[in-house]
Each structure stands twice: as C-alpha cells, then as structure tokens.
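> Input structure: protein-v2.pdb, which contains PDB, N, CA and C atoms.
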ATOM      1  N   MET A   1     126.624 119.930 151.533
ATOM      2  CA  MET A   1     126.512 119.737 150.097
ATOM      3  C   MET A   1     127.595 118.758 149.650
ATOM      4  N   ALA A   2     127.188 117.734 148.981
ATOM      5  CA  ALA A   2     128.137 116.699 148.561
ATOM      6  C   ALA A   2     128.931 117.178 147.350
ATOM      7  N   ARG A   3     130.202 116.845 147.372
ATOM      8  CA  ARG A   3     131.045 117.203 146.230
ATOM      9  C   ARG A   3     130.853 116.184 145.112
ATOM     10  N   ARG A   4     130.898 116.672 143.925
ATOM     11  CA  ARG A   4     130.732 115.788 142.768
ATOM     12  C   ARG A   4     132.106 115.326 142.294
ATOM     13  N   LYS A   5     132.259 114.038 142.157
ATOM     14  CA  LYS A   5     133.533 113.490 141.701
ATOM     15  C   LYS A   5     133.533 113.415 140.184
ATOM     16  N   TYR A   6     134.587 113.902 139.615
ATOM     17  CA  TYR A   6     134.737 113.834 138.169
ATOM     18  C   TYR A   6     135.681 112.695 137.833
ATOM     19  N   SER A   7     135.255 111.858 136.911
ATOM     20  CA  SER A   7     136.124 110.760 136.499
ATOM     21  C   SER A   7     136.700 111.104 135.135
ATOM     22  N   ARG A   8     137.985 110.933 134.998
ATOM     23  CA  ARG A   8     138.579 111.214 133.702
ATOM     24  C   ARG A   8     138.753 109.898 132.943
ATOM     25  N   PRO A   9     138.701 109.968 131.655
ATOM     26  CA  PRO A   9     138.824 108.737 130.870
ATOM     27  C   PRO A   9     140.218 108.133 131.002
ATOM     28  N   ARG A  10     140.282 106.930 131.483
ATOM     29  CA  ARG A  10     141.571 106.298 131.742
ATOM     30  C   ARG A  10     142.233 105.776 130.472
ATOM     31  N   ASP A  11     141.434 105.390 129.492
ATOM     32  CA  ASP A  11     142.016 104.864 128.263
ATOM     33  C   ASP A  11     142.863 105.901 127.544
ATOM     34  N   LYS A  12     142.464 107.149 127.619
ATOM     35  CA  LYS A  12     143.204 108.197 126.923
ATOM     36  C   LYS A  12     144.570 108.423 127.575
ATOM     37  N   SER A  13     144.651 108.227 128.890
ATOM     38  CA  SER A  13     145.898 108.507 129.583
ATOM     39  C   SER A  13     146.913 107.370 129.418
ATOM     40  N   ARG A  14     146.464 106.213 128.986
ATOM     41  CA  ARG A  14     147.390 105.090 128.804
ATOM     42  C   ARG A  14     148.018 105.164 127.428
ATOM     43  N   CYS A  15     149.180 104.580 127.284
ATOM     44  CA  CYS A  15     149.891 104.647 126.009
ATOM     45  C   CYS A  15     149.249 103.708 124.985
ATOM     46  N   ARG A  16     149.616 103.866 123.736
ATOM     47  CA  ARG A  16     149.023 103.113 122.629
ATOM     48  C   ARG A  16     149.205 101.616 122.809
ATOM     49  N   PHE A  17     150.381 101.192 123.244
ATOM     50  CA  PHE A  17     150.675  99.767 123.374
ATOM     51  C   PHE A  17     149.947  99.157 124.561
ATOM     52  N   CYS A  18     149.822  99.887 125.655
ATOM     53  CA  CYS A  18     149.085  99.386 126.819
ATOM     54  C   CYS A  18     147.593  99.289 126.522
ATOM     55  N   ARG A  19     147.042 100.249 125.770
ATOM     56  CA  ARG A  19     145.621 100.210 125.408
ATOM     57  C   ARG A  19     145.301  99.009 124.544
ATOM     58  N   GLU A  20     146.194  98.682 123.595
ATOM     59  CA  GLU A  20     145.952  97.571 122.681
ATOM     60  C   GLU A  20     146.358  96.225 123.260
ATOM     61  N   GLY A  21     146.989  96.233 124.426
ATOM     62  CA  GLY A  21     147.378  94.993 125.076
ATOM     63  C   GLY A  21     148.606  94.344 124.471
ATOM     64  N   ILE A  22     149.469  95.135 123.845
ATOM     65  CA  ILE A  22     150.703  94.608 123.254
ATOM     66  C   ILE A  22     151.746  94.476 124.360
ATOM     67  N   ALA A  23     152.165  93.252 124.633
ATOM     68  CA  ALA A  23     153.109  93.011 125.727
ATOM     69  C   ALA A  23     154.545  93.272 125.304
ATOM     70  N   LEU A  24     154.866  92.956 124.041
ATOM     71  CA  LEU A  24     156.232  93.106 123.569
ATOM     72  C   LEU A  24     156.232  93.803 122.218
ATOM     73  N   ILE A  25     157.025  94.856 122.088
ATOM     74  CA  ILE A  25     157.124  95.580 120.829
ATOM     75  C   ILE A  25     158.168  94.874 119.975
ATOM     76  N   ASP A  26     157.756  94.416 118.795
ATOM     77  CA  ASP A  26     158.608  93.598 117.941
ATOM     78  C   ASP A  26     159.433  94.477 117.014
ATOM     79  N   TYR A  27     160.696  94.146 116.849
ATOM     80  CA  TYR A  27     161.580  94.934 115.994
ATOM     81  C   TYR A  27     161.278  94.726 114.513
ATOM     82  N   LYS A  28     160.520  93.682 114.183
ATOM     83  CA  LYS A  28     160.180  93.401 112.785
ATOM     84  C   LYS A  28     158.933  94.158 112.321
ATOM     85  N   ASP A  29     158.236  94.790 113.238
ATOM     86  CA  ASP A  29     157.026  95.549 112.900
ATOM     87  C   ASP A  29     157.433  96.989 112.558
ATOM     88  N   ILE A  30     157.875  97.177 111.331
ATOM     89  CA  ILE A  30     158.453  98.449 110.912
ATOM     90  C   ILE A  30     157.404  99.550 110.848
ATOM     91  N   GLY A  31     156.168  99.219 110.496
ATOM     92  CA  GLY A  31     155.116 100.225 110.412
ATOM     93  C   GLY A  31     154.886 100.948 111.730
ATOM     94  N   VAL A  32     154.873 100.190 112.809
ATOM     95  CA  VAL A  32     154.682 100.775 114.139
ATOM     96  C   VAL A  32     155.914 101.564 114.557
ATOM     97  N   LEU A  33     157.087 101.008 114.315
ATOM     98  CA  LEU A  33     158.318 101.675 114.740
ATOM     99  C   LEU A  33     158.573 102.951 113.945
ATOM    100  N   HIS A  34     158.147 102.966 112.693
ATOM    101  CA  HIS A  34     158.368 104.151 111.863
ATOM    102  C   HIS A  34     157.560 105.339 112.377
ATOM    103  N   LYS A  35     156.406 105.072 113.020
ATOM    104  CA  LYS A  35     155.589 106.142 113.600
ATOM    105  C   LYS A  35     156.236 106.764 114.828
ATOM    106  N   LEU A  36     157.200 106.071 115.422
ATOM    107  CA  LEU A  36     157.842 106.559 116.640
ATOM    108  C   LEU A  36     159.138 107.301 116.358
ATOM    109  N   THR A  37     159.465 107.504 115.072
ATOM    110  CA  THR A  37     160.684 108.221 114.706
ATOM    111  C   THR A  37     160.340 109.413 113.818
ATOM    112  N   THR A  38     161.226 110.396 113.819
ATOM    113  CA  THR A  38     161.046 111.571 112.975
ATOM    114  C   THR A  38     161.480 111.251 111.557
ATOM    115  N   SER A  39     161.338 112.210 110.672
ATOM    116  CA  SER A  39     161.771 112.009 109.287
ATOM    117  C   SER A  39     163.294 111.918 109.194
ATOM    118  N   GLN A  40     163.991 112.449 110.206
ATOM    119  CA  GLN A  40     165.448 112.367 110.235
ATOM    120  C   GLN A  40     165.938 111.070 110.867
ATOM    121  N   GLY A  41     165.029 110.273 111.419
ATOM    122  CA  GLY A  41     165.402 109.003 112.020
ATOM    123  C   GLY A  41     165.584 109.060 113.521
ATOM    124  N   LYS A  42     165.308 110.214 114.127
ATOM    125  CA  LYS A  42     165.437 110.341 115.581
ATOM    126  C   LYS A  42     164.186 109.814 116.262
ATOM    127  N   LEU A  43     164.329 109.354 117.502
ATOM    128  CA  LEU A  43     163.191 108.854 118.258
ATOM    129  C   LEU A  43     162.394 110.014 118.834
ATOM    130  N   PHE A  44     161.057 109.878 118.803
ATOM    131  CA  PHE A  44     160.214 110.865 119.465
ATOM    132  C   PHE A  44     160.336 110.673 120.967
ATOM    133  N   SER A  45     160.193 111.771 121.714
ATOM    134  CA  SER A  45     160.233 111.689 123.161
ATOM    135  C   SER A  45     158.960 111.030 123.687
ATOM    136  N   ARG A  46     158.959 110.692 124.946
ATOM    137  CA  ARG A  46     157.777 110.092 125.560
ATOM    138  C   ARG A  46     156.605 111.054 125.514
ATOM    139  N   LYS A  47     156.890 112.316 125.708
ATOM    140  CA  LYS A  47     155.835 113.316 125.703
ATOM    141  C   LYS A  47     155.191 113.422 124.320
ATOM    142  N   ARG A  48     156.000 113.338 123.300
ATOM    143  CA  ARG A  48     155.495 113.467 121.921
ATOM    144  C   ARG A  48     154.804 112.181 121.454
ATOM    145  N   SER A  49     155.382 111.037 121.796
ATOM    146  CA  SER A  49     154.810 109.772 121.337
ATOM    147  C   SER A  49     153.649 109.306 122.217
ATOM    148  N   GLY A  50     153.631 109.734 123.476
ATOM    149  CA  GLY A  50     152.558 109.341 124.383
ATOM    150  C   GLY A  50     152.764 107.986 125.019
ATOM    151  N   ASN A  51     153.970 107.448 124.942
ATOM    152  CA  ASN A  51     154.248 106.130 125.514
ATOM    153  C   ASN A  51     154.524 106.230 127.005
ATOM    154  N   CYS A  52     154.260 105.127 127.711
ATOM    155  CA  CYS A  52     154.674 105.035 129.103
ATOM    156  C   CYS A  52     156.169 104.694 129.124
ATOM    157  N   ALA A  53     156.781 104.740 130.277
ATOM    158  CA  ALA A  53     158.225 104.534 130.372
ATOM    159  C   ALA A  53     158.635 103.133 129.923
ATOM    160  N   LYS A  54     157.857 102.137 130.304
ATOM    161  CA  LYS A  54     158.179 100.756 129.954
ATOM    162  C   LYS A  54     158.116 100.556 128.440
ATOM    163  N   CYS A  55     157.054 101.048 127.822
ATOM    164  CA  CYS A  55     156.897 100.875 126.371
ATOM    165  C   CYS A  55     157.905 101.720 125.600
ATOM    166  N   GLN A  56     158.287 102.875 126.142
ATOM    167  CA  GLN A  56     159.289 103.702 125.473
ATOM    168  C   GLN A  56     160.643 102.988 125.472
ATOM    169  N   ARG A  57     160.986 102.307 126.564
ATOM    170  CA  ARG A  57     162.244 101.550 126.605
ATOM    171  C   ARG A  57     162.203 100.390 125.623
ATOM    172  N   GLN A  58     161.051  99.695 125.555
ATOM    173  CA  GLN A  58     160.916  98.590 124.601
ATOM    174  C   GLN A  58     160.998  99.093 123.166
ATOM    175  N   ALA A  59     160.390 100.231 122.892
ATOM    176  CA  ALA A  59     160.418 100.799 121.540
ATOM    177  C   ALA A  59     161.833 101.208 121.172
ATOM    178  N   ARG A  60     162.554 101.798 122.103
ATOM    179  CA  ARG A  60     163.934 102.206 121.851
ATOM    180  C   ARG A  60     164.793 100.996 121.492
ATOM    181  N   THR A  61     164.660  99.928 122.255
ATOM    182  CA  THR A  61     165.425  98.708 121.982
ATOM    183  C   THR A  61     165.036  98.097 120.645
ATOM    184  N   ALA A  62     163.733  98.093 120.345
ATOM    185  CA  ALA A  62     163.259  97.524 119.082
ATOM    186  C   ALA A  62     163.769  98.327 117.891
ATOM    187  N   ILE A  63     163.778  99.651 118.006
ATOM    188  CA  ILE A  63     164.270 100.492 116.916
ATOM    189  C   ILE A  63     165.765 100.284 116.717
ATOM    190  N   LYS A  64     166.509 100.171 117.792
ATOM    191  CA  LYS A  64     167.955  99.930 117.680
ATOM    192  C   LYS A  64     168.232  98.576 117.034
ATOM    193  N   ARG A  65     167.446  97.561 117.383
ATOM    194  CA  ARG A  65     167.620  96.249 116.758
ATOM    195  C   ARG A  65     167.271  96.290 115.282
ATOM    196  N   ALA A  66     166.179  96.984 114.944
ATOM    197  CA  ALA A  66     165.777  97.087 113.539
ATOM    198  C   ALA A  66     166.827  97.825 112.720
ATOM    199  N   ARG A  67     167.461  98.823 113.309
ATOM    200  CA  ARG A  67     168.541  99.530 112.621
ATOM    201  C   ARG A  67     169.742  98.617 112.403
ATOM    202  N   PHE A  68     170.079  97.869 113.431
ATOM    203  CA  PHE A  68     171.250  96.987 113.345
ATOM    204  C   PHE A  68     171.065  95.906 112.285
ATOM    205  N   VAL A  69     169.858  95.343 112.203
ATOM    206  CA  VAL A  69     169.559  94.287 111.237
ATOM    207  C   VAL A  69     169.439  94.873 109.827
ATOM    208  N   GLY A  70     169.118  96.149 109.723
ATOM    209  CA  GLY A  70     169.007  96.802 108.431
ATOM    210  C   GLY A  70     167.589  97.038 107.974
ATOM    211  N   LEU A  71     166.626  96.893 108.878
ATOM    212  CA  LEU A  71     165.231  97.121 108.523
ATOM    213  C   LEU A  71     164.857  98.601 108.558
ATOM    214  N   MET A  72     165.582  99.381 109.361
ATOM    215  CA  MET A  72     165.335 100.822 109.465
ATOM    216  C   MET A  72     166.657 101.558 109.253
ATOM    217  N   PRO A  73     166.593 102.765 108.711
ATOM    218  CA  PRO A  73     167.830 103.534 108.521
ATOM    219  C   PRO A  73     168.271 104.203 109.807
ATOM    220  N   TYR A  74     169.555 104.460 109.918
ATOM    221  CA  TYR A  74     170.070 105.223 111.064
ATOM    222  C   TYR A  74     169.765 106.694 110.906
ATOM    223  N   VAL A  75     169.788 107.183 109.680
ATOM    224  CA  VAL A  75     169.484 108.604 109.388
ATOM    225  C   VAL A  75     168.279 108.657 108.467
ATOM    226  N   GLY A  76     167.763 109.869 108.251
ATOM    227  CA  GLY A  76     166.555 110.039 107.457
ATOM    228  C   GLY A  76     166.695 109.574 106.023
ATOM    229  N   GLU A  77     165.554 109.281 105.446
ATOM    230  CA  GLU A  77     165.534 108.801 104.065
ATOM    231  C   GLU A  77     165.286 109.952 103.117
TER
END
What does this structure look like when you write it as structure tokens?

Amino acid sequence: MARRKYSRPRDKSRCRFCREGIALIDYKDIGVLHKLTTSQGKLFSRKRSGNCAKCQRQARTAIKRARFVGLMPYVGE
C-alpha cells in the first residue's frame, strides 16, 4: 500500500518579507516597523512576529536606525 504524501503550504511558513519579495527592510517605512513593536516600543520576538532570522536582524537594525533619526520613539507613546 503506497503512502500518501502530504504537502504543507510553503507560503504560510515563510515570513512576511520573504513572501512579498522585500530584499531590504527600510528604516523610513514606519508603518511596517510599527507593526513589529509593542505599544511600549519593544520589539516583538521572531516567534510572535513570524519573521525569519535574516529579516528579524534587518528589522532590528531598521528600528534602531529609525529611533536614532527620530522617526520612532524609544519608549511607548
């Protein structure tokens, strides 16, 4: 009896940025970066945000740059 192979949807397992084909997360895109932080200004974990390791590192750097330039607050609003 042949075993049936189950295929799982690969798009769901990939992170938001990889699915959309975004190569570089821009620090000037505040709308996207604001979704990756809590109301207190802390970064969501990879598990909570659903990002892959590469995109999580890029998001972390982008958020830190946006904070330094003054586009995002260091603490909650």
> CA of Ser39 in chain A to CA of Gly76 in chain A: how many Å, to one decimal?
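Interatomic distance here is 5.5 Å.
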> May I have all residues of range 30-64 of chain A that DSSP, computed from the backbone, assigns to helix (DSSP H, G or I), given as an NGL selection string?
:A and (30-34 or 46-49 or 53-64)
> Generate the output file for the selected residues, N, CA and C atoms, as a CSV table (one decimal), in the coordinates of the input.

chain,number,residue,atom,x,y,z
A,30,ILE,N,157.9,97.2,111.3
A,30,ILE,CA,158.5,98.4,110.9
A,30,ILE,C,157.4,99.6,110.8
A,31,GLY,N,156.2,99.2,110.5
A,31,GLY,CA,155.1,100.2,110.4
A,31,GLY,C,154.9,100.9,111.7
A,32,VAL,N,154.9,100.2,112.8
A,32,VAL,CA,154.7,100.8,114.1
A,32,VAL,C,155.9,101.6,114.6
A,33,LEU,N,157.1,101.0,114.3
A,33,LEU,CA,158.3,101.7,114.7
A,33,LEU,C,158.6,103.0,113.9
A,34,HIS,N,158.1,103.0,112.7
A,34,HIS,CA,158.4,104.2,111.9
A,34,HIS,C,157.6,105.3,112.4
A,46,ARG,N,159.0,110.7,124.9
A,46,ARG,CA,157.8,110.1,125.6
A,46,ARG,C,156.6,111.1,125.5
A,47,LYS,N,156.9,112.3,125.7
A,47,LYS,CA,155.8,113.3,125.7
A,47,LYS,C,155.2,113.4,124.3
A,48,ARG,N,156.0,113.3,123.3
A,48,ARG,CA,155.5,113.5,121.9
A,48,ARG,C,154.8,112.2,121.5
A,49,SER,N,155.4,111.0,121.8
A,49,SER,CA,154.8,109.8,121.3
A,49,SER,C,153.6,109.3,122.2
A,53,ALA,N,156.8,104.7,130.3
A,53,ALA,CA,158.2,104.5,130.4
A,53,ALA,C,158.6,103.1,129.9
A,54,LYS,N,157.9,102.1,130.3
A,54,LYS,CA,158.2,100.8,130.0
A,54,LYS,C,158.1,100.6,128.4
A,55,CYS,N,157.1,101.0,127.8
A,55,CYS,CA,156.9,100.9,126.4
A,55,CYS,C,157.9,101.7,125.6
A,56,GLN,N,158.3,102.9,126.1
A,56,GLN,CA,159.3,103.7,125.5
A,56,GLN,C,160.6,103.0,125.5
A,57,ARG,N,161.0,102.3,126.6
A,57,ARG,CA,162.2,101.6,126.6
A,57,ARG,C,162.2,100.4,125.6
A,58,GLN,N,161.1,99.7,125.6
A,58,GLN,CA,160.9,98.6,124.6
A,58,GLN,C,161.0,99.1,123.2
A,59,ALA,N,160.4,100.2,122.9
A,59,ALA,CA,160.4,100.8,121.5
A,59,ALA,C,161.8,101.2,121.2
A,60,ARG,N,162.6,101.8,122.1
A,60,ARG,CA,163.9,102.2,121.9
A,60,ARG,C,164.8,101.0,121.5
A,61,THR,N,164.7,99.9,122.3
A,61,THR,CA,165.4,98.7,122.0
A,61,THR,C,165.0,98.1,120.6
A,62,ALA,N,163.7,98.1,120.3
A,62,ALA,CA,163.3,97.5,119.1
A,62,ALA,C,163.8,98.3,117.9
A,63,ILE,N,163.8,99.7,118.0
A,63,ILE,CA,164.3,100.5,116.9
A,63,ILE,C,165.8,100.3,116.7
A,64,LYS,N,166.5,100.2,117.8
A,64,LYS,CA,168.0,99.9,117.7
A,64,LYS,C,168.2,98.6,117.0
> Which residues, written as a PyMOL selection string, have at least one atom at most 9 Å from Cys18 in chain A, with only C-alpha atoms counted and residues fewer than 6 positions away on the same chain left out?
chain A and resi 51-52+55
> Running the PyMOL selection byres (((chain A and resi 50 and name CA) around 12) and name CA) on this model by hand, what would come out? Give it as an mmCIF file with N, CA and C atoms, in the coordinates of the input.

data_model
loop_
_atom_site.group_PDB
_atom_site.id
_atom_site.type_symbol
_atom_site.label_atom_id
_atom_site.label_comp_id
_atom_site.auth_asym_id
_atom_site.auth_seq_id
_atom_site.Cartn_x
_atom_site.Cartn_y
_atom_site.Cartn_z
ATOM 1 N N LYS A 12 142.464 107.149 127.619
ATOM 2 C CA LYS A 12 143.204 108.197 126.923
ATOM 3 C C LYS A 12 144.570 108.423 127.575
ATOM 4 N N SER A 13 144.651 108.227 128.890
ATOM 5 C CA SER A 13 145.898 108.507 129.583
ATOM 6 C C SER A 13 146.913 107.370 129.418
ATOM 7 N N ARG A 14 146.464 106.213 128.986
ATOM 8 C CA ARG A 14 147.390 105.090 128.804
ATOM 9 C C ARG A 14 148.018 105.164 127.428
ATOM 10 N N CYS A 15 149.180 104.580 127.284
ATOM 11 C CA CYS A 15 149.891 104.647 126.009
ATOM 12 C C CYS A 15 149.249 103.708 124.985
ATOM 13 N N ARG A 16 149.616 103.866 123.736
ATOM 14 C CA ARG A 16 149.023 103.113 122.629
ATOM 15 C C ARG A 16 149.205 101.616 122.809
ATOM 16 N N PHE A 17 150.381 101.192 123.244
ATOM 17 C CA PHE A 17 150.675 99.767 123.374
ATOM 18 C C PHE A 17 149.947 99.157 124.561
ATOM 19 N N CYS A 18 149.822 99.887 125.655
ATOM 20 C CA CYS A 18 149.085 99.386 126.819
ATOM 21 C C CYS A 18 147.593 99.289 126.522
ATOM 22 N N ARG A 19 147.042 100.249 125.770
ATOM 23 C CA ARG A 19 145.621 100.210 125.408
ATOM 24 C C ARG A 19 145.301 99.009 124.544
ATOM 25 N N LYS A 35 156.406 105.072 113.020
ATOM 26 C CA LYS A 35 155.589 106.142 113.600
ATOM 27 C C LYS A 35 156.236 106.764 114.828
ATOM 28 N N LEU A 36 157.200 106.071 115.422
ATOM 29 C CA LEU A 36 157.842 106.559 116.640
ATOM 30 C C LEU A 36 159.138 107.301 116.358
ATOM 31 N N PHE A 44 161.057 109.878 118.803
ATOM 32 C CA PHE A 44 160.214 110.865 119.465
ATOM 33 C C PHE A 44 160.336 110.673 120.967
ATOM 34 N N SER A 45 160.193 111.771 121.714
ATOM 35 C CA SER A 45 160.233 111.689 123.161
ATOM 36 C C SER A 45 158.960 111.030 123.687
ATOM 37 N N ARG A 46 158.959 110.692 124.946
ATOM 38 C CA ARG A 46 157.777 110.092 125.560
ATOM 39 C C ARG A 46 156.605 111.054 125.514
ATOM 40 N N LYS A 47 156.890 112.316 125.708
ATOM 41 C CA LYS A 47 155.835 113.316 125.703
ATOM 42 C C LYS A 47 155.191 113.422 124.320
ATOM 43 N N ARG A 48 156.000 113.338 123.300
ATOM 44 C CA ARG A 48 155.495 113.467 121.921
ATOM 45 C C ARG A 48 154.804 112.181 121.454
ATOM 46 N N SER A 49 155.382 111.037 121.796
ATOM 47 C CA SER A 49 154.810 109.772 121.337
ATOM 48 C C SER A 49 153.649 109.306 122.217
ATOM 49 N N ASN A 51 153.970 107.448 124.942
ATOM 50 C CA ASN A 51 154.248 106.130 125.514
ATOM 51 C C ASN A 51 154.524 106.230 127.005
ATOM 52 N N CYS A 52 154.260 105.127 127.711
ATOM 53 C CA CYS A 52 154.674 105.035 129.103
ATOM 54 C C CYS A 52 156.169 104.694 129.124
ATOM 55 N N ALA A 53 156.781 104.740 130.277
ATOM 56 C CA ALA A 53 158.225 104.534 130.372
ATOM 57 C C ALA A 53 158.635 103.133 129.923
ATOM 58 N N LYS A 54 157.857 102.137 130.304
ATOM 59 C CA LYS A 54 158.179 100.756 129.954
ATOM 60 C C LYS A 54 158.116 100.556 128.440
ATOM 61 N N CYS A 55 157.054 101.048 127.822
ATOM 62 C CA CYS A 55 156.897 100.875 126.371
ATOM 63 C C CYS A 55 157.905 101.720 125.600
ATOM 64 N N GLN A 56 158.287 102.875 126.142
ATOM 65 C CA GLN A 56 159.289 103.702 125.473
ATOM 66 C C GLN A 56 160.643 102.988 125.472
ATOM 67 N N ALA A 59 160.390 100.231 122.892
ATOM 68 C CA ALA A 59 160.418 100.799 121.540
ATOM 69 C C ALA A 59 161.833 101.208 121.172
#
> Starting from the displayed file, determine the output of the PyMOL selection byres ((chain A and resi 24-26) around 7) and express the residue list as a list in words.
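Output from the PyMOL selection byres ((chain A and resi 24-26) around 7), applied to this file: Gly21, Ile22, Ala23, Tyr27, Lys28, Asp29, Ile30, Gln58, Ala59, Ala62 and Ile63 of chain A.
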> Write out as a ChimeraX atom specification each polymer residue whose atoms come within 12 Å of Arg67 in chain A, counting only C-alpha atoms; drop sequence neighbours fewer than 2 positions from it.
/A:27-28,30,33-34,37,41-42,60-65,69-76
> Report, in Å with one decimal, the straight-line distance from atom C of Phe68 in chain A to atom N of Thr38 in chain A.
17.6 Å
> Can you tell me how far atom N of Gly31 in chain A sits from CA of Ala66 in chain A, in Å to one decimal?
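We find that atom N of Gly31 in chain A and CA of Ala66 in chain A lie 10.3 Å from each other.
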> Around all listed atoms of range 61-64 of chain A, padded 5 Å per side, what centre and edge lengths does the axis-aligned box have in Å to one decimal, as JSON?

{"center_x": 165.7, "center_y": 99.0, "center_z": 119.5, "size_x": 15.0, "size_y": 13.0, "size_z": 15.5}
